[in-house]
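Chemist: Got a file for you: entry_9.cif, mmCIF, C-alpha atoms and all ligand atoms.
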data_structure
#
loop_
_atom_site.label_atom_id
_atom_site.label_comp_id
_atom_site.auth_asym_id
_atom_site.auth_seq_id
_atom_site.Cartn_x
_atom_site.Cartn_y
_atom_site.Cartn_z
CA MET G 7 97.57 -58.55 -4.47
CA PHE G 8 95.77 -57.38 -7.59
CA ILE G 9 96.45 -55.02 -10.43
CA LEU G 10 93.36 -53.41 -11.87
CA HIS G 11 92.81 -52.72 -15.52
CA TRP G 12 89.80 -51.06 -17.05
CA ARG G 13 88.79 -52.39 -20.42
CA PRO G 14 86.67 -50.10 -22.60
CA PRO G 15 84.07 -52.16 -24.42
CA LEU G 16 84.61 -52.89 -28.11
CA THR G 17 87.76 -50.81 -28.30
CA THR G 18 91.46 -51.31 -27.92
CA CYS G 19 92.30 -52.42 -24.40
CA LEU G 20 93.99 -49.63 -22.39
CA THR G 21 94.97 -49.65 -18.75
CA PHE G 22 93.37 -47.02 -16.53
CA ARG G 23 96.81 -45.37 -16.30
CA GLN G 24 96.98 -45.16 -20.09
CA LEU G 25 93.48 -43.72 -20.12
CA ALA G 26 94.52 -41.07 -17.61
CA ILE G 27 97.61 -40.24 -19.67
CA SER G 28 95.67 -39.96 -22.90
CA ARG G 29 92.85 -38.03 -21.24
CA PHE G 30 95.13 -35.47 -19.68
CA ASN G 31 98.17 -35.39 -21.94
CA LEU G 32 96.44 -35.42 -25.28
CA GLY G 33 93.65 -33.18 -24.06
CA ARG G 34 91.02 -35.64 -25.18
CA ARG G 35 88.06 -36.41 -23.05
CA ILE G 36 87.38 -40.03 -22.32
CA THR G 37 84.15 -40.98 -20.64
CA ARG G 38 84.06 -44.05 -18.51
CA SER G 39 81.16 -46.32 -19.36
CA ASN G 40 79.02 -48.20 -16.90
CA THR G 41 79.63 -51.26 -19.00
CA GLY G 42 83.39 -50.97 -18.62
CA ARG G 43 84.88 -53.66 -16.47
CA TRP G 44 87.89 -54.16 -14.31
CA LEU G 45 90.11 -57.14 -14.78
CA CYS G 46 92.09 -58.50 -11.89
CA MET G 47 95.53 -60.04 -12.14
CA SER G 48 97.45 -61.66 -9.39
CA SER G 49 100.80 -60.39 -8.22
CA ILE G 50 102.87 -60.67 -5.08
CA ALA G 51 102.79 -58.10 -2.31
CA ASN G 52 106.14 -56.90 -1.06
CA GLN G 53 107.02 -55.65 2.36
CA SER G 54 107.91 -52.13 1.35
CA THR G 55 104.31 -51.09 0.76
CA LEU G 56 102.67 -48.48 2.96
CA ARG G 57 99.84 -49.45 5.25
CA LEU G 58 96.50 -48.09 4.08
CA LEU G 59 94.16 -46.67 6.70
CA SER G 60 90.48 -47.44 7.11
CA GLN G 61 88.10 -44.50 7.59
CA ALA G 62 87.96 -45.17 11.32
CA GLU G 63 91.77 -45.30 11.54
CA ALA G 64 92.14 -42.05 9.61
CA GLN G 65 89.77 -40.37 12.04
CA ARG G 66 91.65 -41.95 14.99
CA VAL G 67 94.97 -40.56 13.74
CA ASP G 68 93.38 -37.13 13.40
CA GLU G 69 91.96 -37.31 16.92
CA ALA G 70 95.32 -38.45 18.32
CA LEU G 71 97.13 -35.56 16.62
CA MET G 72 94.70 -33.14 18.24
CA SER G 73 94.61 -34.89 21.63
CA GLU G 74 95.88 -33.43 24.90
CA THR G 75 98.93 -35.66 24.57
CA ILE G 76 100.12 -34.47 21.14
CA GLY G 77 98.48 -31.07 21.18
CA TYR G 78 98.13 -29.97 17.56
CA SER G 79 95.20 -27.71 16.70
CA LEU G 80 93.03 -28.38 13.65
CA GLU G 81 94.13 -25.06 12.20
CA GLN G 82 97.79 -26.08 12.37
CA LEU G 83 97.14 -29.42 10.69
CA MET G 84 95.06 -27.76 7.99
CA GLU G 85 97.84 -25.26 7.33
CA LEU G 86 100.43 -28.00 6.92
CA ALA G 87 98.06 -30.11 4.82
CA GLY G 88 97.25 -27.18 2.51
CA LEU G 89 100.93 -26.29 2.20
CA ALA G 90 101.71 -29.86 1.11
CA VAL G 91 98.95 -29.69 -1.51
CA ALA G 92 100.35 -26.39 -2.84
CA LEU G 93 103.86 -27.86 -3.08
CA ALA G 94 102.58 -30.88 -5.01
CA ALA G 95 100.54 -28.66 -7.33
CA ALA G 96 103.62 -26.53 -8.00
CA ARG G 97 105.85 -29.54 -8.58
CA GLU G 98 103.40 -30.97 -11.11
CA ASN G 99 102.73 -27.57 -12.78
CA PRO G 100 105.78 -25.32 -12.59
CA LYS G 101 104.55 -22.64 -15.03
CA ARG G 102 103.48 -19.64 -12.93
CA SER G 103 101.13 -18.32 -15.63
CA GLN G 104 98.75 -21.29 -15.39
CA ARG G 105 95.20 -20.82 -14.18
CA ILE G 106 94.65 -22.74 -10.98
CA VAL G 107 91.17 -23.29 -9.54
CA ALA G 108 90.58 -24.73 -6.06
CA VAL G 109 87.10 -26.22 -5.76
CA CYS G 110 86.37 -26.32 -2.03
CA GLY G 111 83.75 -28.22 -0.05
CA PRO G 112 82.01 -27.46 3.25
CA GLY G 113 84.30 -29.42 5.59
CA ASN G 114 87.98 -29.53 6.46
CA ASN G 115 88.90 -30.88 3.03
CA GLY G 116 87.59 -27.58 1.69
CA GLY G 117 89.70 -25.79 4.33
CA ASP G 118 92.79 -27.58 3.01
CA GLY G 119 91.84 -26.31 -0.45
CA LEU G 120 91.61 -22.70 0.78
CA VAL G 121 95.01 -22.95 2.44
CA ALA G 122 96.48 -24.54 -0.69
CA ALA G 123 95.10 -21.76 -2.90
CA ARG G 124 96.75 -19.15 -0.67
CA HIS G 125 100.11 -20.92 -0.72
CA ILE G 126 99.89 -21.34 -4.49
CA CYS G 127 99.58 -17.53 -4.72
CA ILE G 128 102.49 -17.12 -2.32
CA LEU G 129 104.54 -19.41 -4.58
CA GLY G 130 104.10 -16.90 -7.39
CA TYR G 131 101.14 -18.15 -9.44
CA GLU G 132 99.31 -15.22 -11.02
CA HIS G 133 95.85 -16.63 -11.67
CA VAL G 134 94.47 -18.48 -8.67
CA PHE G 135 90.72 -18.88 -8.17
CA ALA G 136 88.56 -20.46 -5.46
CA ILE G 137 85.07 -21.86 -5.76
CA TYR G 138 83.54 -22.14 -2.29
CA PRO G 139 79.76 -22.52 -2.52
CA LYS G 140 78.97 -23.60 1.07
CA PRO G 141 81.44 -21.99 3.47
CA GLY G 142 81.93 -23.88 6.74
CA SER G 143 80.37 -22.21 9.77
CA HIS G 144 83.49 -22.25 11.97
CA PRO G 145 85.15 -18.81 12.20
CA HIS G 146 88.43 -20.32 11.02
CA PHE G 147 86.93 -20.83 7.56
CA GLN G 148 86.11 -17.11 7.42
CA ARG G 149 89.71 -16.34 8.38
CA LEU G 150 90.98 -18.67 5.66
CA VAL G 151 88.86 -16.84 3.07
CA LYS G 152 90.24 -13.45 4.20
CA GLN G 153 93.83 -14.73 4.19
CA ALA G 154 93.40 -16.23 0.74
CA MET G 155 91.91 -13.01 -0.64
CA SER G 156 94.73 -10.95 0.90
CA HIS G 157 97.23 -13.01 -1.06
CA GLY G 158 95.33 -12.65 -4.33
CA VAL G 159 93.03 -15.68 -4.54
CA ARG G 160 89.94 -14.66 -6.51
CA PHE G 161 86.65 -16.08 -5.19
CA VAL G 162 84.21 -16.84 -7.96
CA ASP G 163 80.43 -16.22 -7.96
CA ALA G 164 78.08 -19.09 -8.83
CA ALA G 165 77.32 -17.54 -12.21
CA ALA G 166 80.98 -17.91 -13.21
CA TYR G 167 81.64 -21.45 -11.90
CA GLU G 168 81.26 -23.07 -15.30
CA GLN G 169 83.50 -20.65 -17.18
CA THR G 170 86.15 -20.67 -14.44
CA ILE G 171 86.36 -24.46 -14.39
CA CYS G 172 86.29 -24.58 -18.17
CA GLU G 173 89.30 -22.24 -18.43
CA ALA G 174 91.37 -23.92 -15.69
CA ASP G 175 94.77 -25.46 -16.41
CA VAL G 176 94.87 -27.02 -12.95
CA LEU G 177 91.91 -28.06 -10.82
CA ILE G 178 92.33 -28.70 -7.10
CA ASP G 179 89.64 -31.10 -5.90
CA ALA G 180 89.05 -30.12 -2.26
CA LEU G 181 85.35 -30.96 -2.11
CA PHE G 182 85.30 -34.01 0.19
CA GLY G 183 87.87 -36.02 2.09
CA PHE G 184 87.73 -38.89 4.54
CA SER G 185 84.33 -37.96 6.02
CA PHE G 186 82.50 -38.27 2.70
CA ARG G 187 79.48 -40.58 2.99
CA ALA G 188 79.45 -42.56 -0.20
CA ASP G 189 76.16 -44.19 0.79
CA ARG G 190 74.36 -40.86 0.33
CA PRO G 191 73.64 -39.39 -3.06
CA MET G 192 75.79 -36.40 -3.92
CA ARG G 193 73.89 -33.14 -3.47
CA ASP G 194 74.07 -30.03 -5.59
CA PRO G 195 75.94 -27.79 -6.06
CA PHE G 196 78.67 -30.40 -5.55
CA ALA G 197 77.29 -32.82 -8.14
CA THR G 198 77.28 -30.07 -10.78
CA LEU G 199 80.79 -28.99 -9.83
CA ILE G 200 82.11 -32.53 -10.20
CA ARG G 201 80.49 -32.86 -13.62
CA LEU G 202 82.06 -29.57 -14.69
CA MET G 203 85.47 -30.63 -13.39
CA ASN G 204 85.32 -33.95 -15.23
CA ALA G 205 84.34 -32.15 -18.43
CA SER G 206 86.95 -29.39 -18.16
CA PRO G 207 88.63 -29.29 -21.58
CA ARG G 208 91.92 -27.59 -20.65
CA ALA G 209 92.84 -29.01 -17.27
CA THR G 210 95.98 -31.11 -17.54
CA THR G 211 96.08 -31.65 -13.79
CA VAL G 212 93.16 -32.54 -11.57
CA LEU G 213 94.64 -32.88 -8.09
CA ALA G 214 92.66 -34.72 -5.40
CA VAL G 215 93.19 -33.48 -1.86
CA ASP G 216 93.39 -36.51 0.47
CA ILE G 217 90.81 -38.53 -1.52
CA PRO G 218 89.21 -38.04 -4.95
CA SER G 219 85.83 -36.51 -4.08
CA GLY G 220 83.04 -39.04 -4.45
CA TRP G 221 85.21 -42.06 -3.65
CA ASP G 222 84.41 -44.19 -0.66
CA VAL G 223 87.34 -43.99 1.76
CA GLU G 224 87.56 -47.78 1.84
CA ARG G 225 85.81 -49.09 -1.26
CA GLY G 226 87.21 -46.57 -3.70
CA PRO G 227 85.38 -45.34 -6.81
CA PRO G 228 81.57 -45.39 -7.03
CA GLU G 229 79.88 -48.56 -8.22
CA ALA G 230 79.18 -47.09 -11.64
CA MET G 231 82.93 -46.77 -12.20
CA ARG G 232 83.58 -50.29 -10.98
CA PRO G 233 83.59 -53.58 -12.80
CA ALA G 234 80.39 -55.21 -13.90
CA GLU G 235 82.13 -58.48 -13.08
CA ARG G 236 84.16 -59.18 -10.00
CA THR G 237 86.09 -62.15 -8.86
CA ALA G 238 85.18 -63.66 -5.54
CA SER G 239 88.76 -63.26 -4.42
CA ASP G 240 88.83 -59.49 -4.98
CA PRO G 241 88.87 -58.01 -1.47
CA ARG G 242 87.60 -54.72 -2.84
CA SER G 243 84.34 -56.21 -4.08
CA SER G 244 81.22 -55.08 -2.26
CA THR G 245 80.73 -57.17 0.82
CA SER G 246 78.01 -59.70 0.25
CA GLY G 247 74.77 -58.69 1.89
CA ASP G 248 75.77 -55.02 1.93
CA GLN G 249 72.38 -53.34 2.14
CA ARG G 250 73.55 -49.72 1.95
CA ALA G 251 71.63 -47.48 -0.40
CA PRO G 252 73.27 -47.13 -3.81
CA ALA G 253 75.66 -44.22 -3.73
CA SER G 254 75.99 -41.46 -6.24
CA SER G 255 77.81 -42.54 -9.35
CA LEU G 256 79.73 -39.27 -9.36
CA ALA G 257 83.38 -38.84 -8.51
CA VAL G 258 86.17 -36.52 -9.54
CA MET G 259 88.46 -38.08 -12.16
CA ALA G 260 91.77 -36.95 -10.71
CA ASN G 261 95.19 -37.69 -12.16
CA VAL G 262 97.28 -36.38 -9.26
CA TRP G 263 96.61 -37.29 -5.63
CA VAL G 264 97.96 -35.89 -2.38
CA SER G 265 97.19 -38.23 0.52
CA LEU G 266 97.41 -36.45 3.85
CA THR G 267 99.04 -38.03 6.93
CA ALA G 268 98.78 -41.55 5.46
CA PRO G 269 97.08 -43.04 2.40
CA LYS G 270 93.63 -44.50 2.95
CA ARG G 271 92.40 -47.89 1.72
CA CYS G 272 90.90 -46.49 -1.46
CA ALA G 273 94.47 -45.68 -2.58
CA ALA G 274 94.70 -49.31 -3.69
CA PHE G 275 92.54 -48.30 -6.67
CA TRP G 276 94.88 -45.53 -7.82
CA GLN G 277 96.13 -45.64 -11.40
CA GLY G 278 96.76 -41.91 -12.02
CA ARG G 279 99.87 -39.91 -12.97
CA ALA G 280 101.34 -39.14 -9.55
CA HIS G 281 100.49 -39.92 -5.93
CA TYR G 282 102.11 -37.85 -3.19
CA LEU G 283 102.05 -38.11 0.57
CA GLY G 284 101.89 -34.83 2.50
CA GLY G 285 101.29 -33.73 6.07
CA ARG G 286 104.68 -34.47 7.59
CA PHE G 287 103.55 -34.00 11.15
CA VAL G 288 102.97 -37.47 12.62
CA PRO G 289 105.11 -37.87 15.73
CA PRO G 290 107.19 -41.09 15.90
CA ALA G 291 105.19 -42.64 18.75
CA LEU G 292 101.90 -42.19 16.90
CA ALA G 293 103.42 -43.48 13.67
CA LYS G 294 104.60 -46.54 15.56
CA SER G 295 101.31 -47.21 17.32
CA MET G 296 99.40 -46.88 14.03
CA GLN G 297 101.97 -49.03 12.16
CA LEU G 298 102.77 -46.19 9.78
CA GLU G 299 106.52 -46.60 10.08
CA PRO G 300 108.74 -45.90 8.33
CA LEU G 301 107.27 -42.65 7.02
CA PRO G 302 108.82 -42.32 3.56
CA TYR G 303 109.95 -38.66 3.66
CA THR G 304 113.55 -37.80 2.93
CA ASP G 305 115.74 -34.83 3.75
CA SER G 306 113.83 -31.56 4.14
CA GLU G 307 110.93 -32.50 1.82
CA LEU G 308 107.35 -31.91 2.97
CA ILE G 309 105.89 -34.10 0.20
CA VAL G 310 107.03 -37.41 -1.22
CA ARG G 311 105.97 -39.56 -4.19
CA ILE G 312 104.46 -42.84 -2.97
CA ASP G 313 103.13 -44.43 -6.18
CA HIS G 314 105.65 -47.26 -5.92
CA LEU G 315 104.83 -47.86 -2.25
CA LEU G 316 101.11 -48.41 -2.63
CA PRO G 317 99.69 -51.88 -2.23
CA THR G 318 97.02 -52.76 -4.76
CA SER G 319 95.06 -55.01 -2.46
CA ILE G 320 94.22 -54.89 1.18
CA PRO G 321 94.48 -58.13 3.14
CA GLY G 322 91.63 -58.53 5.63
CA HIS G 323 89.85 -55.55 4.11
CA GLN G 324 86.31 -56.89 4.28
CA GLN G 325 86.51 -57.95 7.86
CA GLU G 326 88.13 -54.77 9.14
CA ALA G 327 85.84 -52.58 7.03
CA SER G 328 82.74 -54.10 8.50
CA GLU G 329 84.20 -53.78 12.01
CA SER G 330 84.88 -50.09 11.52
CA ARG G 331 81.34 -49.23 10.46
N1 LIG U 401 94.96 -35.56 9.19
C1 LIG U 401 95.22 -34.66 8.29
O1 LIG U 401 96.17 -34.77 7.58
C2 LIG U 401 94.31 -33.56 8.11
C3 LIG U 401 93.24 -33.67 7.29
N2 LIG U 401 92.36 -32.69 7.13
C4 LIG U 401 91.41 -32.73 6.08
O2 LIG U 401 90.16 -32.94 6.63
C5 LIG U 401 89.44 -33.87 5.84
C6 LIG U 401 88.32 -34.44 6.60
O3 LIG U 401 87.53 -33.34 6.95
P1 LIG U 401 86.04 -33.44 7.51
O4 LIG U 401 85.60 -32.08 7.88
O5 LIG U 401 86.00 -34.48 8.56
O6 LIG U 401 85.18 -33.96 6.31
P2 LIG U 401 85.16 -33.72 4.74
O7 LIG U 401 85.73 -32.42 4.40
O8 LIG U 401 85.70 -34.94 4.11
O9 LIG U 401 83.59 -33.72 4.41
C7 LIG U 401 82.61 -33.32 5.37
C8 LIG U 401 81.49 -32.60 4.66
O10 LIG U 401 81.04 -33.39 3.59
C9 LIG U 401 79.62 -33.44 3.61
N3 LIG U 401 79.18 -34.70 3.01
C10 LIG U 401 79.46 -35.94 3.40
N4 LIG U 401 78.93 -36.84 2.56
C11 LIG U 401 78.26 -36.12 1.61
C12 LIG U 401 77.50 -36.46 0.46
N5 LIG U 401 77.27 -37.75 0.11
N6 LIG U 401 76.98 -35.47 -0.29
C13 LIG U 401 77.17 -34.18 0.04
N7 LIG U 401 77.88 -33.78 1.13
C14 LIG U 401 78.42 -34.75 1.90
C15 LIG U 401 79.28 -33.33 5.08
O11 LIG U 401 77.94 -32.87 5.14
P3 LIG U 401 77.01 -33.31 6.39
O12 LIG U 401 75.63 -32.93 5.98
O13 LIG U 401 77.17 -34.80 6.58
O14 LIG U 401 77.53 -32.56 7.56
C16 LIG U 401 80.32 -32.33 5.56
O15 LIG U 401 79.87 -31.02 5.33
C17 LIG U 401 90.51 -34.83 5.41
O16 LIG U 401 90.13 -35.62 4.32
C18 LIG U 401 91.63 -33.87 5.08
O17 LIG U 401 91.49 -33.34 3.79
C19 LIG U 401 92.33 -31.51 8.00
O18 LIG U 401 92.69 -30.40 7.28
C20 LIG U 401 93.29 -31.67 9.19
C21 LIG U 401 94.57 -32.32 8.81
K K U 402 89.03 -34.28 -2.28
#
Would you put the structure from the file into structure tokens?
Modeler:
Amino acid sequence: MFILHWRPPLTTCLTFRQLAISRFNLGRRITRSNTGRWLCMSSIANQSTLRLLSQAEAQRVDEALMSETIGYSLEQLMELAGLAVALAAARENPKRSQRIVAVCGPGNNGGDGLVAARHICILGYEHVFAIYPKPGSHPHFQRLVKQAMSHGVRFVDAAAYEQTICEADVLIDALFGFSFRADRPMRDPFATLIRLMNASPRATTVLAVDIPSGWDVERGPPEAMRPAERTASDPRSSTSGDQRAPASSLAVMANVWVSLTAPKRCAAFWQGRAHYLGGRFVPPALAKSMQLEPLPYTDSELIVRIDHLLPTSIPGHQQEASESR
């Protein structure tokens, strides 16, 4: 197993976690450089780590949840996912006067963001905004917008995106989840929104819904945020002979993460402030068949911190990743 450190060139060596802390706690902006590099250190895996899902496995779990056998609807899962995100946002940011902005994408990740924004209002936050530039075509997305507005979420016009993001205390990154195609360049307006989020001067929390937008579900952050040097033994290195087009170098720099259902393989790269698991709806038989047991929830909690349960390397990653594509 490996622990990753990012070393800024020609400056004091800080871990990525320290960078996140200084970037968000001291309110200073730190820009990652393409010349930055990751250093790998060996450590021993223990058995109490959670299993990380490949993209194909995440989609399989979703399909199973919505199969004839289990019978959930997408709308139900989205509601529970969004509720979990709202609870994590509230736990990390208890002050009700904070300005919270959900930045929502065109797919179900964006739907989770709309649900979360509504629940954040229901929890008593006074200033909740949503940015939703490309609403999904399914009627449920229209219902989610109406529900959110009824509870006080303010939808922002394109002309006010920049100012709204600039004034946010908390940003909810609900642009893309596990269906993001990291081999395609990021299109606008999403690219612009991600740049604005990363440059937001006030935001002390940037919360990624399911996956930080712009990350590859399996390979993690974009190449430009990865090491210039890799060791041959790093299972997260690009597979040799990978001919995919270079992806966008853009990704949201989140410091809080809510994985839904189960963490995905890219979670091995996480070095932020807090990582939660939400979406407490996996029936025991499915959890067993997908080797997700034991689910780490306790008592009546719908979210649970999993930072200490995350493996930092993924045995057999390369082989399974290429099989799943
Ligand atoms: N199991 C659960 O706990 C639940 C998870 N949910 C959430 O659903 C997402 C996955 O949702 P999905 O609709 O499959 O996909 P995404 O929202 O991740 O993204 C799809 C849209 O993204 C566009 N896309 C893809 N790649 C790019 C790119 N490089 N640039 C720009 N846009 C991109 C894609 O566009 P297309 O043109 O390809 O159609 C889609 O519009 C999961 O992560 C959870 O957050 C559910 O709520 C259910 C419960
Ligand atoms: K996201």
Chemist: Expressed in Å to a single decimal, how great is the separation between CA of Leu56 in chain G and atom C8 of ligand LIG 401 (chain U)?
Modeler: 26.5 Å
Chemist: Show me which residues are within 8 Å of ligand LIG 401 (chain U) counting all atoms listed in the file, and format the list as a PyMOL selection string.
Modeler: chain G and resi 64-65+67-68+71+80-88+111-118+142+180-194+196+215-217+220+253-254+265-268+284-285
Chemist: Might you pull out every residue within 12 Å of range 304-306 of chain G, with only C-alpha atoms counted and same-chain residues fewer than 5 positions away left off, and present them as a list of chain:residue names?
Modeler: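 Close residues of range 304-306 of chain G: G:Leu283, G:Arg286, G:Arg311, G:Ile312.
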Chemist: At what distance in Å, to one decimal, does CA of Leu89 in chain G lie from CA of Leu298 in chain G?
Modeler: 21.4 Å
Chemist: For ligand K 402 (chain U), which residue among G:Ala293, G:Val223, G:Met155, G:Ile309 is the nearest when counting only C-alpha atoms and all ligand atoms?
Modeler: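 Selected residue with least distance to ligand K 402 (chain U): G:Val223.
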Chemist: Give me, as a list in words, all polymer residues having an atom no more than 7 Å from range 97-108 of chain G, counting all atoms listed in the file and skipping those fewer than 4 positions away in the same chain.
Modeler: Leu93, Gly119, Ala123, Gly130, Tyr131, Glu132, His133, Val134, Phe135, Ala136, Ile137, Ile171, Ala174, Asp175, Val176, Leu177, Ile178, Asp179 and Ala180 of chain G
Chemist: Mind pulling up the distance from CA of Leu308 in chain G to CA of Leu120 in chain G?
Modeler: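 Computing the Euclidean distance for CA of Leu120 in chain G and CA of Leu308 in chain G yields 18.4 Å.
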Chemist: Counting all atoms listed in the file, write as a list in words all protein and nucleic acid residues lying at most 10 Å from (94.6, -15.4, -0.6) in the file's frame.
Modeler: Leu120, Val121, Ala122, Ala123, Arg124, His125, Ile126, Cys127, Ile128, Val134, Phe135, Ala136, Leu150, Val151, Lys152, Gln153, Ala154, Met155, Ser156, His157, Gly158, Val159, Arg160 and Phe161 of chain G
Chemist: Select, from G:Trp263, G:Phe147, G:Tyr282, G:Tyr78, the residue with the minimum atom-to-atom distance to ligand K 402 (chain U), counting only C-alpha atoms and all ligand atoms.
Modeler: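 Checking each candidate against ligand K 402 (chain U), we get G:Trp263 as the closest.
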Chemist: Return the single residue from G:Pro139, G:Pro290, G:Gly77, G:Gly226 that is closest to Ala274 in chain G, with distances computed using only C-alpha atoms.
Modeler: G:Gly226
Chemist: Using only C-alpha atoms and all ligand atoms, find the one residue out of G:Ala62, G:Ile76, G:Asn204, G:Trp221 that sits nearest to ligand K 402 (chain U).
Modeler: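 Nearest candidate to ligand K 402 (chain U) out of G:Ala62, G:Ile76, G:Asn204, G:Trp221: G:Trp221.
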Chemist: When you look at Val258 in chain G with a cut-off of 6 Å (counting only C-alpha atoms), what residues show up, excluding the ones that are within fewer than 3 positions of it in the same chain? I need them as a list of chain:residue names.
Modeler: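 The residues satisfying every condition are G:Ile200, G:Pro218, G:Ser219.
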Chemist: Choose the residue, out of G:Glu307, G:Leu316, G:Gln169, G:Ala214, that has the smallest atom-to-atom separation from ligand K 402 (chain U); count all atoms listed in the file.
Modeler: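 Answer, going by the shortest atom-to-atom distance: G:Ala214.
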